[in-house]
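**Student:** Data: query-v6.txt, compact mmCIF, C-alpha atoms.
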```txt
# COMPACT_ATOMS: atom_id res chain seq x y z
CA MET A 68 -24.45 5.82 35.87
CA ALA A 69 -28.20 5.82 35.19
CA VAL A 70 -30.48 8.25 36.99
CA PRO A 71 -33.70 6.55 38.22
CA GLY A 72 -36.69 7.55 36.11
CA ASN A 73 -39.38 6.94 38.71
CA TRP A 74 -38.48 9.57 41.27
CA PRO A 75 -41.57 11.68 42.19
CA ILE A 76 -41.91 15.28 41.13
CA LEU A 77 -41.05 17.35 44.20
CA LYS A 78 -42.61 20.77 44.64
CA HIS A 79 -40.85 22.10 47.72
CA ARG A 80 -37.88 24.28 46.78
CA SER A 81 -35.63 23.00 49.58
CA THR A 82 -36.22 19.39 48.56
CA THR A 83 -35.58 20.25 44.92
CA VAL A 84 -32.27 21.87 45.83
CA THR A 85 -31.27 18.80 47.83
CA LEU A 86 -32.19 16.51 44.95
CA THR A 87 -30.26 18.67 42.49
CA ALA A 88 -27.18 18.49 44.68
CA ALA A 89 -27.53 14.72 44.96
CA LEU A 90 -27.82 14.37 41.20
CA ALA A 91 -24.75 16.55 40.71
CA LEU A 92 -22.76 14.34 43.05
CA ALA A 93 -23.99 11.20 41.32
CA LEU A 94 -23.06 12.50 37.86
CA SER A 95 -19.68 13.63 39.17
CA ALA A 96 -19.08 10.11 40.48
CA CYS A 97 -19.94 8.68 37.04
CA ALA A 98 -17.54 11.06 35.30
CA GLY A 99 -14.79 10.07 37.67
CA SER A 100 -15.28 6.32 37.39
CA GLY A 101 -11.71 5.89 36.21
CA GLY A 102 -10.52 6.85 39.71
CA GLY A 103 -8.40 9.72 40.96
CA GLY A 104 -11.06 12.39 40.39
CA SER A 105 -12.57 13.24 37.02
CA THR A 106 -9.82 11.87 34.75
CA PRO A 107 -10.47 8.33 33.48
CA GLY A 108 -7.60 5.92 33.94
CA ILE A 109 -5.90 7.96 36.64
CA THR A 110 -5.75 7.13 40.35
CA ASP A 111 -3.35 8.35 42.99
CA SER A 112 -1.15 5.32 42.31
CA THR A 113 -1.85 4.16 38.73
CA VAL A 114 -2.16 5.23 35.10
CA THR A 115 -4.05 2.82 32.84
CA ILE A 116 -3.57 3.01 29.08
CA GLY A 117 -4.62 0.72 26.23
CA GLY A 118 -3.93 -0.29 22.67
CA THR A 119 -4.90 -2.73 19.91
CA LEU A 120 -2.35 -4.96 18.19
CA PRO A 121 -2.34 -8.00 15.89
CA LEU A 122 -1.33 -10.74 18.29
CA THR A 123 -2.72 -13.22 15.75
CA GLY A 124 -3.34 -13.18 12.00
CA THR A 125 -1.26 -12.21 8.96
CA ALA A 126 0.25 -9.11 10.58
CA ALA A 127 1.18 -10.84 13.83
CA PRO A 128 4.74 -11.92 12.89
CA GLY A 129 6.99 -9.30 14.46
CA TYR A 130 4.22 -6.86 15.27
CA SER A 131 2.83 -9.12 18.04
CA GLU A 132 6.03 -8.38 19.97
CA GLN A 133 5.26 -4.69 20.33
CA GLY A 134 2.72 -5.00 23.15
CA PRO A 135 4.96 -7.15 25.36
CA ALA A 136 7.94 -4.91 24.59
CA ALA A 137 6.16 -1.69 25.54
CA LYS A 138 4.82 -3.35 28.68
CA ALA A 139 8.34 -4.53 29.55
CA PHE A 140 9.59 -0.95 29.38
CA PHE A 141 6.73 0.18 31.62
CA ASP A 142 7.48 -2.67 34.04
CA TYR A 143 11.04 -1.37 34.21
CA VAL A 144 9.78 2.17 34.86
CA ASN A 145 7.37 0.88 37.51
CA ALA A 146 10.17 -1.05 39.26
CA ASN A 147 12.06 2.22 39.44
CA GLY A 148 9.29 4.28 41.02
CA GLY A 149 6.91 4.88 38.13
CA VAL A 150 6.00 8.39 36.97
CA ASN A 151 5.27 10.84 39.76
CA GLY A 152 4.57 7.89 42.03
CA ARG A 153 2.11 6.23 39.64
CA GLN A 154 2.52 2.75 38.15
CA ILE A 155 1.71 2.38 34.44
CA THR A 156 -0.71 -0.39 33.46
CA PHE A 157 -0.79 -1.16 29.73
CA LYS A 158 -3.76 -3.18 28.42
CA TYR A 159 -3.18 -4.29 24.84
CA LEU A 160 -5.80 -6.38 23.03
CA ASP A 161 -5.64 -8.58 19.94
CA ASP A 162 -7.53 -7.19 16.94
CA ALA A 163 -5.89 -9.67 14.50
CA TYR A 164 -5.41 -6.74 12.03
CA ASN A 165 -9.18 -6.82 11.46
CA PRO A 166 -10.84 -3.37 11.45
CA ALA A 167 -14.13 -4.71 12.85
CA ASN A 168 -12.26 -6.12 15.83
CA THR A 169 -10.37 -2.85 16.25
CA VAL A 170 -13.61 -0.90 16.57
CA THR A 171 -15.07 -3.28 19.17
CA LEU A 172 -11.91 -3.50 21.26
CA THR A 173 -11.16 0.23 21.15
CA LYS A 174 -14.64 1.01 22.44
CA GLN A 175 -14.15 -1.60 25.15
CA LEU A 176 -10.90 0.02 26.27
CA VAL A 177 -12.44 3.49 26.32
CA LEU A 178 -15.97 2.84 27.57
CA GLN A 179 -15.48 -0.17 29.85
CA ASP A 180 -11.83 -0.13 30.90
CA ASN A 181 -11.75 3.70 31.13
CA VAL A 182 -8.21 4.03 29.82
CA PHE A 183 -6.46 7.36 30.22
CA ALA A 184 -5.05 7.18 26.69
CA MET A 185 -4.53 4.86 23.74
CA LEU A 186 -0.93 4.04 22.89
CA GLY A 187 0.80 2.33 19.98
CA SER A 188 -2.32 0.90 18.32
CA LEU A 189 -1.11 -0.74 15.15
CA GLY A 190 -2.20 -0.56 11.56
CA THR A 191 -3.40 1.86 8.93
CA PRO A 192 -6.51 -0.08 7.76
CA THR A 193 -7.46 -0.80 11.37
CA HIS A 194 -6.84 2.43 13.23
CA THR A 195 -8.42 4.68 10.62
CA LYS A 196 -11.73 3.12 11.66
CA VAL A 197 -11.49 4.39 15.26
CA VAL A 198 -9.69 7.72 15.01
CA ASP A 199 -12.94 9.72 14.77
CA PHE A 200 -14.39 7.93 17.81
CA LEU A 201 -11.28 8.56 19.90
CA ASN A 202 -11.16 12.23 19.01
CA SER A 203 -14.87 12.82 19.58
CA SER A 204 -14.39 11.11 22.95
CA ARG A 205 -11.35 13.33 23.64
CA VAL A 206 -9.13 10.35 24.37
CA PRO A 207 -5.43 10.94 23.70
CA ASP A 208 -4.52 8.67 20.79
CA LEU A 209 -0.76 8.54 20.91
CA PHE A 210 1.93 7.20 18.66
CA VAL A 211 -0.16 5.14 16.26
CA ALA A 212 2.03 2.31 14.98
CA SER A 213 1.65 3.30 11.35
CA GLY A 214 3.26 5.91 9.15
CA CYS A 215 0.03 7.18 7.60
CA THR A 216 0.10 10.93 7.03
CA CYS A 217 -3.50 10.92 8.29
CA TRP A 218 -2.34 10.94 11.93
CA ASP A 219 -0.98 14.44 11.40
CA GLN A 220 -4.26 16.37 11.23
CA PRO A 221 -4.26 18.53 14.37
CA GLN A 222 -7.28 20.55 13.30
CA GLN A 223 -9.48 17.55 12.51
CA HIS A 224 -7.97 15.09 15.00
CA PRO A 225 -6.38 17.09 17.83
CA TYR A 226 -5.95 14.03 20.07
CA THR A 227 -4.12 11.78 17.54
CA TYR A 228 -0.34 11.69 17.04
CA GLY A 229 1.95 9.67 14.84
CA TRP A 230 5.39 8.55 16.02
CA GLN A 231 7.42 6.91 13.27
CA PRO A 232 8.34 8.76 10.06
CA ASP A 233 5.32 8.90 7.83
CA TYR A 234 5.27 6.87 4.64
CA THR A 235 5.55 9.87 2.33
CA VAL A 236 8.69 11.12 4.08
CA GLU A 237 10.14 7.63 3.96
CA GLY A 238 9.09 7.23 0.32
CA LYS A 239 10.97 10.40 -0.60
CA ILE A 240 14.14 9.12 1.05
CA LEU A 241 13.89 5.70 -0.62
CA GLY A 242 12.97 7.28 -3.94
CA ASP A 243 16.00 9.55 -3.74
CA TYR A 244 18.17 6.48 -3.12
CA VAL A 245 16.77 4.73 -6.19
CA LYS A 246 17.25 7.83 -8.33
CA LYS A 247 20.88 8.28 -7.28
CA ASN A 248 22.03 4.67 -6.99
CA LEU A 249 19.88 2.71 -9.43
CA ALA A 250 19.54 5.20 -12.27
CA GLY A 251 18.34 3.79 -15.58
CA LYS A 252 16.81 0.70 -14.00
CA LYS A 253 13.23 -0.44 -14.55
CA VAL A 254 11.25 -0.08 -11.32
CA ALA A 255 8.12 -1.84 -10.05
CA TYR A 256 6.00 -1.05 -6.99
CA PHE A 257 4.36 -3.71 -4.81
CA TYR A 258 2.19 -2.03 -2.22
CA GLN A 259 -0.55 -2.46 0.36
CA ASP A 260 -3.71 -1.05 -1.18
CA ASP A 261 -4.58 1.54 1.47
CA ASP A 262 -3.12 4.77 2.85
CA PHE A 263 0.08 2.89 3.74
CA GLY A 264 0.91 2.04 0.14
CA HIS A 265 -0.58 5.17 -1.39
CA ASP A 266 1.29 7.54 0.94
CA GLY A 267 4.53 5.69 0.26
CA MET A 268 4.10 5.99 -3.50
CA LYS A 269 3.47 9.72 -3.19
CA GLY A 270 6.96 10.06 -1.77
CA LEU A 271 8.56 7.65 -4.22
CA ASP A 272 7.03 9.44 -7.20
CA LYS A 273 8.64 12.72 -6.20
CA TYR A 274 12.06 11.25 -7.04
CA ILE A 275 11.58 8.20 -9.25
CA ASP A 276 10.79 9.07 -12.88
CA PRO A 277 7.26 7.74 -13.54
CA ALA A 278 8.43 6.65 -17.00
CA SER A 279 10.78 4.16 -15.34
CA VAL A 280 7.99 2.58 -13.25
CA VAL A 281 6.90 -0.36 -15.40
CA THR A 282 4.12 -1.71 -13.14
CA ARG A 283 2.34 -1.00 -9.86
CA GLN A 284 0.84 -4.05 -8.18
CA PRO A 285 -1.36 -3.78 -5.04
CA TYR A 286 -2.24 -6.42 -2.46
CA GLN A 287 -5.07 -6.61 0.03
CA PRO A 288 -4.02 -7.39 3.62
CA GLY A 289 -5.39 -10.79 4.55
CA ASN A 290 -5.22 -12.22 1.02
CA THR A 291 -1.98 -14.20 0.95
CA ASP A 292 -2.32 -15.35 -2.66
CA ILE A 293 -0.09 -12.78 -4.34
CA ALA A 294 1.16 -15.04 -7.14
CA PRO A 295 -0.60 -12.93 -9.83
CA GLN A 296 1.11 -9.74 -8.65
CA VAL A 297 4.54 -11.37 -8.39
CA SER A 298 4.16 -12.86 -11.87
CA ALA A 299 3.11 -9.50 -13.32
CA ILE A 300 6.14 -7.79 -11.78
CA ALA A 301 8.47 -10.52 -13.05
CA ARG A 302 7.01 -10.24 -16.56
CA SER A 303 7.55 -6.48 -16.49
CA GLY A 304 11.28 -7.02 -16.35
CA ALA A 305 11.72 -4.66 -13.40
CA ASP A 306 15.29 -4.56 -12.12
CA VAL A 307 14.21 -2.91 -8.86
CA VAL A 308 11.08 -3.62 -6.83
CA VAL A 309 10.05 -1.15 -4.14
CA LEU A 310 7.86 -2.79 -1.52
CA GLU A 311 5.42 -0.88 0.69
CA THR A 312 4.62 -4.02 2.67
CA ILE A 313 4.20 -5.44 6.15
CA PRO A 314 6.72 -8.23 6.98
CA ALA A 315 4.56 -11.19 5.91
CA TYR A 316 4.15 -9.74 2.42
CA THR A 317 7.83 -8.89 2.11
CA ALA A 318 8.52 -12.58 2.73
CA LEU A 319 5.71 -13.79 0.48
CA PHE A 320 6.95 -11.59 -2.35
CA LYS A 321 10.52 -12.82 -1.98
CA LEU A 322 9.50 -16.47 -1.97
CA GLY A 323 7.18 -15.94 -4.94
CA ALA A 324 9.98 -14.28 -6.89
CA LEU A 325 12.39 -17.07 -5.93
CA LYS A 326 9.95 -19.66 -7.27
CA LEU A 327 9.98 -17.84 -10.62
CA GLY A 328 13.77 -17.51 -10.66
CA TYR A 329 13.37 -13.75 -10.41
CA ASN A 330 15.89 -11.84 -8.28
CA PRO A 331 15.43 -8.06 -8.45
CA GLN A 332 16.97 -5.51 -6.12
CA LEU A 333 14.53 -5.01 -3.24
CA VAL A 334 13.96 -1.61 -1.64
CA VAL A 335 11.56 -1.99 1.28
CA SER A 336 9.69 0.32 3.65
CA SER A 337 11.04 0.15 7.19
CA VAL A 338 7.81 -1.41 8.49
CA GLY A 339 8.41 -4.48 6.33
CA ALA A 340 12.18 -4.78 6.52
CA ASP A 341 13.13 -5.90 10.02
CA PRO A 342 15.79 -8.52 9.22
CA THR A 343 15.02 -10.85 12.14
CA THR A 344 11.29 -10.87 11.43
CA VAL A 345 11.52 -11.21 7.65
CA SER A 346 14.22 -13.88 7.65
CA GLY A 347 12.22 -15.89 10.20
CA LEU A 348 9.10 -15.62 8.07
CA LEU A 349 10.99 -16.74 4.98
CA GLU A 350 12.18 -19.84 6.78
CA ASN A 351 8.76 -20.63 8.25
CA PHE A 352 6.87 -20.12 4.99
CA ALA A 353 9.40 -22.20 3.07
CA LYS A 354 9.18 -24.96 5.67
CA GLN A 355 5.40 -25.04 5.31
CA ALA A 356 5.93 -25.55 1.57
CA GLY A 357 8.29 -28.43 2.24
CA THR A 358 11.59 -26.69 1.51
CA ALA A 359 14.41 -25.27 3.61
CA VAL A 360 16.01 -21.86 3.09
CA ASN A 361 18.37 -19.56 4.94
CA GLY A 362 16.26 -16.47 5.51
CA ALA A 363 19.22 -14.17 6.11
CA ASP A 364 20.74 -15.17 2.77
CA LEU A 365 17.52 -14.36 0.92
CA ILE A 366 17.39 -10.76 2.17
CA GLU A 367 21.09 -10.05 1.68
CA GLY A 368 21.43 -6.64 0.03
CA LEU A 369 17.87 -5.50 0.77
CA VAL A 370 17.76 -1.70 1.08
CA THR A 371 15.56 0.14 3.56
CA SER A 372 15.32 3.32 5.62
CA ALA A 373 15.82 3.24 9.41
CA TYR A 374 15.32 5.88 12.08
CA LEU A 375 16.28 3.94 15.24
CA PRO A 376 19.66 2.40 16.12
CA ALA A 377 20.37 -1.11 14.84
CA THR A 378 19.55 -3.97 17.20
CA SER A 379 23.00 -5.42 16.54
CA ASP A 380 24.81 -2.28 17.76
CA LEU A 381 25.16 -2.89 21.49
CA SER A 382 27.73 -0.09 21.66
CA ASN A 383 24.76 2.25 21.24
CA SER A 384 23.52 3.16 24.73
CA TRP A 385 19.85 2.99 23.67
CA THR A 386 20.19 -0.46 22.14
CA ALA A 387 22.06 -1.60 25.25
CA LEU A 388 19.30 -0.22 27.51
CA PHE A 389 16.52 -1.90 25.55
CA LYS A 390 18.46 -5.17 25.40
CA LYS A 391 18.92 -5.06 29.18
CA ILE A 392 15.18 -4.57 29.72
CA HIS A 393 14.38 -7.23 27.13
CA ASP A 394 16.63 -9.79 28.81
CA GLN A 395 15.10 -9.06 32.22
CA TYR A 396 11.40 -8.96 31.34
CA ILE A 397 10.77 -10.71 27.99
CA PRO A 398 13.78 -12.97 27.32
CA ASN A 399 11.69 -15.41 25.24
CA VAL A 400 10.76 -12.72 22.69
CA PRO A 401 13.26 -12.19 19.85
CA PHE A 402 15.29 -9.01 20.31
CA ASP A 403 14.52 -7.32 17.01
CA GLY A 404 13.41 -4.02 15.54
CA ASN A 405 9.86 -4.42 16.81
CA VAL A 406 11.09 -4.64 20.39
CA VAL A 407 13.29 -1.55 20.00
CA TYR A 408 10.42 0.28 18.29
CA ALA A 409 7.92 -0.37 21.08
CA MET A 410 10.33 0.35 23.91
CA ALA A 411 11.27 3.59 22.19
CA TYR A 412 7.68 4.81 21.89
CA ALA A 413 7.07 3.72 25.49
CA TYR A 414 10.00 5.96 26.48
CA THR A 415 8.37 8.86 24.59
CA PHE A 416 5.09 8.20 26.38
CA VAL A 417 6.83 8.44 29.75
CA GLN A 418 8.21 11.82 28.67
CA ALA A 419 4.71 12.96 27.66
CA LEU A 420 3.25 11.75 30.96
CA GLN A 421 5.92 13.67 32.85
CA ALA A 422 5.07 16.76 30.80
CA ALA A 423 1.40 16.39 31.84
CA GLY A 424 2.40 17.20 35.42
CA LYS A 425 1.92 15.60 38.82
CA THR A 426 -1.85 15.60 38.42
CA PRO A 427 -2.18 14.46 34.81
CA THR A 428 -5.26 15.11 32.72
CA ARG A 429 -5.96 14.17 29.15
CA GLN A 430 -5.69 17.78 28.04
CA GLY A 431 -2.49 18.18 30.03
CA LEU A 432 -1.02 15.22 28.12
CA ILE A 433 -1.93 16.86 24.81
CA ASP A 434 -0.59 20.26 25.92
CA GLY A 435 2.69 18.65 26.96
CA LEU A 436 3.10 16.97 23.57
CA ASN A 437 2.31 20.17 21.71
CA LYS A 438 5.14 21.94 23.51
CA GLY A 439 7.56 19.55 21.80
CA GLY A 440 11.19 19.20 22.82
CA PHE A 441 11.15 15.41 23.20
CA THR A 442 14.33 13.44 22.59
CA GLY A 443 15.19 9.76 22.56
CA PRO A 444 16.93 7.10 20.49
CA GLY A 445 15.83 8.43 17.11
CA LEU A 446 18.44 9.26 14.48
CA VAL A 447 16.35 12.32 13.51
CA PRO A 448 14.18 14.74 15.55
CA PHE A 449 10.45 14.71 16.23
CA ARG A 450 8.11 17.30 14.70
CA TYR A 451 5.66 17.63 17.60
CA SER A 452 4.02 21.01 18.09
CA ALA A 453 0.53 22.48 18.15
CA ALA A 454 0.73 22.62 14.35
CA SER A 455 2.26 19.17 13.76
CA HIS A 456 1.31 15.78 15.15
CA ALA A 457 3.79 13.98 12.93
CA GLY A 458 6.58 11.95 14.49
CA TYR A 459 10.14 11.50 13.32
CA THR A 460 11.23 13.62 10.38
CA GLY A 461 13.16 11.13 8.27
CA GLY A 462 15.64 8.29 8.44
CA GLN A 463 18.91 6.84 7.18
CA ILE A 464 19.55 4.39 4.37
CA ALA A 465 20.50 0.92 5.59
CA THR A 466 21.38 -2.26 3.72
CA ILE A 467 21.00 -5.75 5.15
CA HIS A 468 24.29 -7.60 5.31
CA GLY A 469 24.72 -10.84 7.25
CA GLY A 470 21.21 -10.54 8.64
CA GLN A 471 21.86 -7.10 10.14
CA GLN A 472 21.16 -3.52 9.13
CA VAL A 473 24.28 -1.65 8.08
CA PHE A 474 23.88 2.13 7.82
CA SER A 475 25.36 4.22 5.05
CA GLY A 476 25.70 7.96 4.55
CA THR A 477 24.04 10.29 7.06
CA ALA A 478 20.57 10.58 8.52
CA LEU A 479 18.18 12.59 6.34
CA THR A 480 15.18 14.78 7.08
CA THR A 481 12.41 16.07 4.84
CA ASP A 482 8.70 16.93 4.78
CA ASP A 483 5.57 15.54 3.14
CA GLY A 484 5.58 18.12 0.37
CA ASP A 485 8.17 19.26 -2.11
CA GLY A 486 10.74 20.34 0.48
CA PRO A 487 14.30 19.14 -0.01
CA ILE A 488 15.94 16.13 1.61
CA VAL A 489 18.49 17.53 4.04
CA PRO A 490 21.35 15.73 5.84
CA TYR A 491 20.96 15.67 9.62
CA THR A 492 24.25 15.45 11.45
CA VAL A 493 23.28 16.09 15.09
CA THR A 494 24.26 13.13 17.27
CA PRO A 495 21.31 11.71 19.26
CA PRO A 496 21.69 12.09 23.05
CA PRO A 497 22.84 9.00 24.95
CA ALA A 498 20.34 7.01 26.96
CA PRO A 499 19.98 8.21 30.58
CA ALA A 500 22.18 6.22 32.95
CA ASN A 501 19.16 4.86 34.82
CA GLY A 502 17.09 4.38 31.65
CA LEU A 503 14.42 6.86 32.77
CA PRO A 504 13.65 10.19 31.09
CA PRO A 505 14.91 13.01 33.33
CA ALA A 506 11.97 14.57 35.14
```
Give the structure from this file in structure tokens form.
**Tutor:**
Amino acid sequence: MAVPGNWPILKHRSTTVTLTAALALALSACAGSGGGGSTPGITDSTVTIGGTLPLTGTAAPGYSEQGPAAKAFFDYVNANGGVNGRQITFKYLDDAYNPANTVTLTKQLVLQDNVFAMLGSLGTPTHTKVVDFLNSSRVPDLFVASGCTCWDQPQQHPYTYGWQPDYTVEGKILGDYVKKNLAGKKVAYFYQDDDFGHDGMKGLDKYIDPASVVTRQPYQPGNTDIAPQVSAIARSGADVVVLETIPAYTALFKLGALKLGYNPQLVVSSVGADPTTVSGLLENFAKQAGTAVNGADLIEGLVTSAYLPATSDLSNSWTALFKKIHDQYIPNVPFDGNVVYAMAYAYTFVQALQAAGKTPTRQGLIDGLNKGGFTGPGLVPFRYSAASHAGYTGGQIATIHGGQQVFSGTALTTDDGDGPIVPYTVTPPPAPANGLPPA
């Protein structure tokens, strides 16, 4: 709210006091423009949060489902009374995986829409461009949909939190798999040329002998002509290709390799390995090129790391809960890993909002997260504390068979450094009977 600049200078003390009080009230009203007092995005009956997602563009396949899925979970919560009597409104905007769009839309959500917090904003190259703004504005920046280790910097970015296992942790687990199960094989890396790919390779290199890595080929998100990289990897004679890729580039790599008659063992980061998304992309891309393929057949045997229950396992109470909500609120969206992912982080947000108390503030939300103790569908625990803003601590090896993830071994946990990979055998708690986190 602007203060008029043409008010006269008043000399009488009583008038000055009155004017000062009026100004204080006016500024207080500006600060509280989000409703419900001085906390933006909070009223007595609502909580408004926001996020940016690629609803269009190269990263949209699969990832575009996350906004509707998180909203569906919140709609379910709202239909069952909300959180402390407040309904959750989730505004998610399309940045098309373009950092310039992300900056504009994030500022819109914070400065115009007065969101209480940001939630589930997707992408390493996109969100790194707004993390400083959000933290300087003291806006909770929760559960960034990216495994960059950069979200875990509580001293520099006290308002930002990751959610999924970071790429270095995941890289260690995948690298350990390659070392133990594909020993003696030539290995190639195909990776997104930003913190996503670089963090993943840090983990891989802790277990895969660098002498066995015959080539490392980067791609730039947005450039879909990856024929030179695929050809270079094929010429290298790599028996195993580890992909640090988003789904579109997993599919593009596979089709490029198929065109060359090249069929290596694929080991793929979890963010690029959802079987429903990747198989659908394979079929769509092939159709555009005038051919027909069975996408599920093309990813048979693909190895990845997973940290949430499989979408095919309806005996799992969490999968059953999310499927129930999916069928009720977004039946036209494929029920895949992206839907489970977003509903799961929405569940964690509800827990965090509960922890913020009956009169939530932004700092109360942060304090609640830093206390830790959150549970959910994850196969491994969270790391949240005042000293750690990292999310899940690891994952479990899964292989795609018949278009579905099939788990092997036990869940594994580790850190970003040189700590060991440790089996985790604690069974995750079942989903609450009513689907709502216990208050």
**Student:** Name the closest residue to Asp262 in chain A among the candidates A:Pro288, A:Pro221, A:Pro192, A:Gly229; distances are taken between atoms, counting all atoms listed in the file.
**Tutor:**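 Residue with the minimum atom-to-atom distance to Asp262 in chain A: A:Pro192.
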**Student:** For range 139-148 of chain A, list every protein, DNA or RNA residue within 6 Å, evaluated using only C-alpha atoms, and leave out those in the same chain fewer than 6 positions away; present the list as a ChimeraX atom specification.
**Tutor:** /A:154,396,410
**Student:** What are the closest atom pairs, with distances in Å to one decimal, for each residue of range 428-455 of chain A lying within 7 Å of range 492-498 of chain A, using only C-alpha atoms, rows by chain and rising residue number, as CSV?
**Tutor:**
```
residue,atom,partner,partner_atom,distance
A:Gly443,CA,A:Pro496,CA,6.9
A:Pro444,CA,A:Pro495,CA,6.5
A:Gly445,CA,A:Pro495,CA,6.7
A:Leu446,CA,A:Pro495,CA,6.1
```
**Student:** In Å, with one decimal, what is the gap from CA of Phe263 in chain A to CA of Cys215 in chain A?
**Tutor:**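 These two atoms are separated by 5.8 Å.
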**Student:** Please provide as a PDB file with C-alpha atoms, in the frame of the given file all residues within 10 Å of Phe474 in chain A, with the sequence filter that same-chain residues fewer than 3 positions apart are discarded (counting all atoms listed in the file).
**Tutor:**
```
ATOM      1  CA  VAL A 370      17.760  -1.700   1.080  1.00  0.00           C
ATOM      2  CA  THR A 371      15.560   0.140   3.560  1.00  0.00           C
ATOM      3  CA  SER A 372      15.320   3.320   5.620  1.00  0.00           C
ATOM      4  CA  ALA A 373      15.820   3.240   9.410  1.00  0.00           C
ATOM      5  CA  PRO A 376      19.660   2.400  16.120  1.00  0.00           C
ATOM      6  CA  ALA A 377      20.370  -1.110  14.840  1.00  0.00           C
ATOM      7  CA  GLN A 463      18.910   6.840   7.180  1.00  0.00           C
ATOM      8  CA  ILE A 464      19.550   4.390   4.370  1.00  0.00           C
ATOM      9  CA  ALA A 465      20.500   0.920   5.590  1.00  0.00           C
ATOM     10  CA  THR A 466      21.380  -2.260   3.720  1.00  0.00           C
ATOM     11  CA  ILE A 467      21.000  -5.750   5.150  1.00  0.00           C
ATOM     12  CA  GLN A 471      21.860  -7.100  10.140  1.00  0.00           C
ATOM     13  CA  THR A 477      24.040  10.290   7.060  1.00  0.00           C
ATOM     14  CA  ALA A 478      20.570  10.580   8.520  1.00  0.00           C
TER      15      ALA A 478
END
```
**Student:** Give me, please, the distance in Å between CA of Thr125 in chain A and CA of Asp162 in chain A, quoted to one decimal.
**Tutor:**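 Calculated distance between CA of Thr125 in chain A and CA of Asp162 in chain A is 11.3 Å.
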**Student:** List as number ranges by chain the protein and nucleic acid residues near Lys269 in chain A, meaning an atom at most 12 Å away when all atoms listed in the file are counted, but skip any in the same chain fewer than 4 places from it.
**Tutor:** A: 215-216, 233-242, 256, 258, 262-265, 273-275, 277, 311, 482-485
**Student:** For a quick check of understanding, using only C-alpha atoms, which of A:Thr426, A:Thr193, A:Gln296, A:Ser337 has the smallest distance to Thr312 in chain A?
**Tutor:**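 That would be A:Ser337, the residue with the smallest distance to Thr312 in chain A.
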**Student:** Could you please determine the separation between CA of Gly187 in chain A and CA of Thr343 in chain A in Å, to one decimal place?
**Tutor:**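 Here the two named atoms are 20.9 Å from each other.
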**Student:** Which one of A:Ile433, A:Pro490, A:Val170, A:Ala212 sits closest to Lys196 in chain A if you count only C-alpha atoms?
**Tutor:**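 The closest residue to Lys196 in chain A is A:Val170.
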**Student:** Give me the residues within 9 Å of range 106-123 of chain A as a count of residues only, counting all atoms listed in the file and dropping any in the same chain fewer than 6 places off.
**Tutor:** 46
**Student:** What lies within 12 Å of Lys326 in chain A using all atoms listed in the file, ignoring chain neighbours under 3 positions off, as a list in words?
**Tutor:**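 Using all atoms listed in the file, the neighbours found are Ala294, Val297, Ser298, Ala301, Leu319, Phe320, Lys321, Leu322, Gly323, Tyr329, Asn330, Ala353, Ala356 and Thr358 of chain A.
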**Student:** For the selection just defined, write its residues with C-alpha atoms to a file, as a PDB file, in the frame of the given file.
**Tutor:**
```
ATOM      1  CA  ALA A 294       1.160 -15.040  -7.140  1.00  0.00           C
ATOM      2  CA  VAL A 297       4.540 -11.370  -8.390  1.00  0.00           C
ATOM      3  CA  SER A 298       4.160 -12.860 -11.870  1.00  0.00           C
ATOM      4  CA  ALA A 301       8.470 -10.520 -13.050  1.00  0.00           C
ATOM      5  CA  LEU A 319       5.710 -13.790   0.480  1.00  0.00           C
ATOM      6  CA  PHE A 320       6.950 -11.590  -2.350  1.00  0.00           C
ATOM      7  CA  LYS A 321      10.520 -12.820  -1.980  1.00  0.00           C
ATOM      8  CA  LEU A 322       9.500 -16.470  -1.970  1.00  0.00           C
ATOM      9  CA  GLY A 323       7.180 -15.940  -4.940  1.00  0.00           C
ATOM     10  CA  TYR A 329      13.370 -13.750 -10.410  1.00  0.00           C
ATOM     11  CA  ASN A 330      15.890 -11.840  -8.280  1.00  0.00           C
ATOM     12  CA  ALA A 353       9.400 -22.200   3.070  1.00  0.00           C
ATOM     13  CA  ALA A 356       5.930 -25.550   1.570  1.00  0.00           C
ATOM     14  CA  THR A 358      11.590 -26.690   1.510  1.00  0.00           C
TER      15      THR A 358
END
```
**Student:** Which one is closest to Gly462 in chain A: A:Gln222, A:Gln430, A:Ser346, A:Ser475? Count only C-alpha atoms.
**Tutor:**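 For Gly462 in chain A, the nearest of the given residues is A:Ser475.
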**Student:** Between A:Ser279, A:Asp243, A:Ala318, A:Phe402, which is the closest to Leu381 in chain A once you count only C-alpha atoms?
**Tutor:**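 Of all the options, A:Phe402 lies closest to Leu381 in chain A.
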**Student:** Using the incomplete input, complete range 342-346 of chain A to the level of N, CA and C atoms; output as a compact mmCIF listing (two decimals), in the coordinates of the input.
**Tutor:**
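Dumped everything to out.txt:
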```
# COMPACT_ATOMS: atom_id res chain seq x y z
N PRO A 342 15.12 -7.32 9.71
CA PRO A 342 15.79 -8.52 9.22
C PRO A 342 15.46 -9.78 10.01
N THR A 343 15.34 -9.68 11.33
CA THR A 343 15.02 -10.85 12.14
C THR A 343 13.63 -11.38 11.81
N THR A 344 12.66 -10.47 11.71
CA THR A 344 11.29 -10.87 11.43
C THR A 344 11.15 -11.46 10.04
N VAL A 345 11.69 -10.77 9.03
CA VAL A 345 11.52 -11.21 7.65
C VAL A 345 12.26 -12.52 7.38
N SER A 346 13.48 -12.64 7.89
CA SER A 346 14.22 -13.88 7.65
C SER A 346 13.52 -15.06 8.33
```
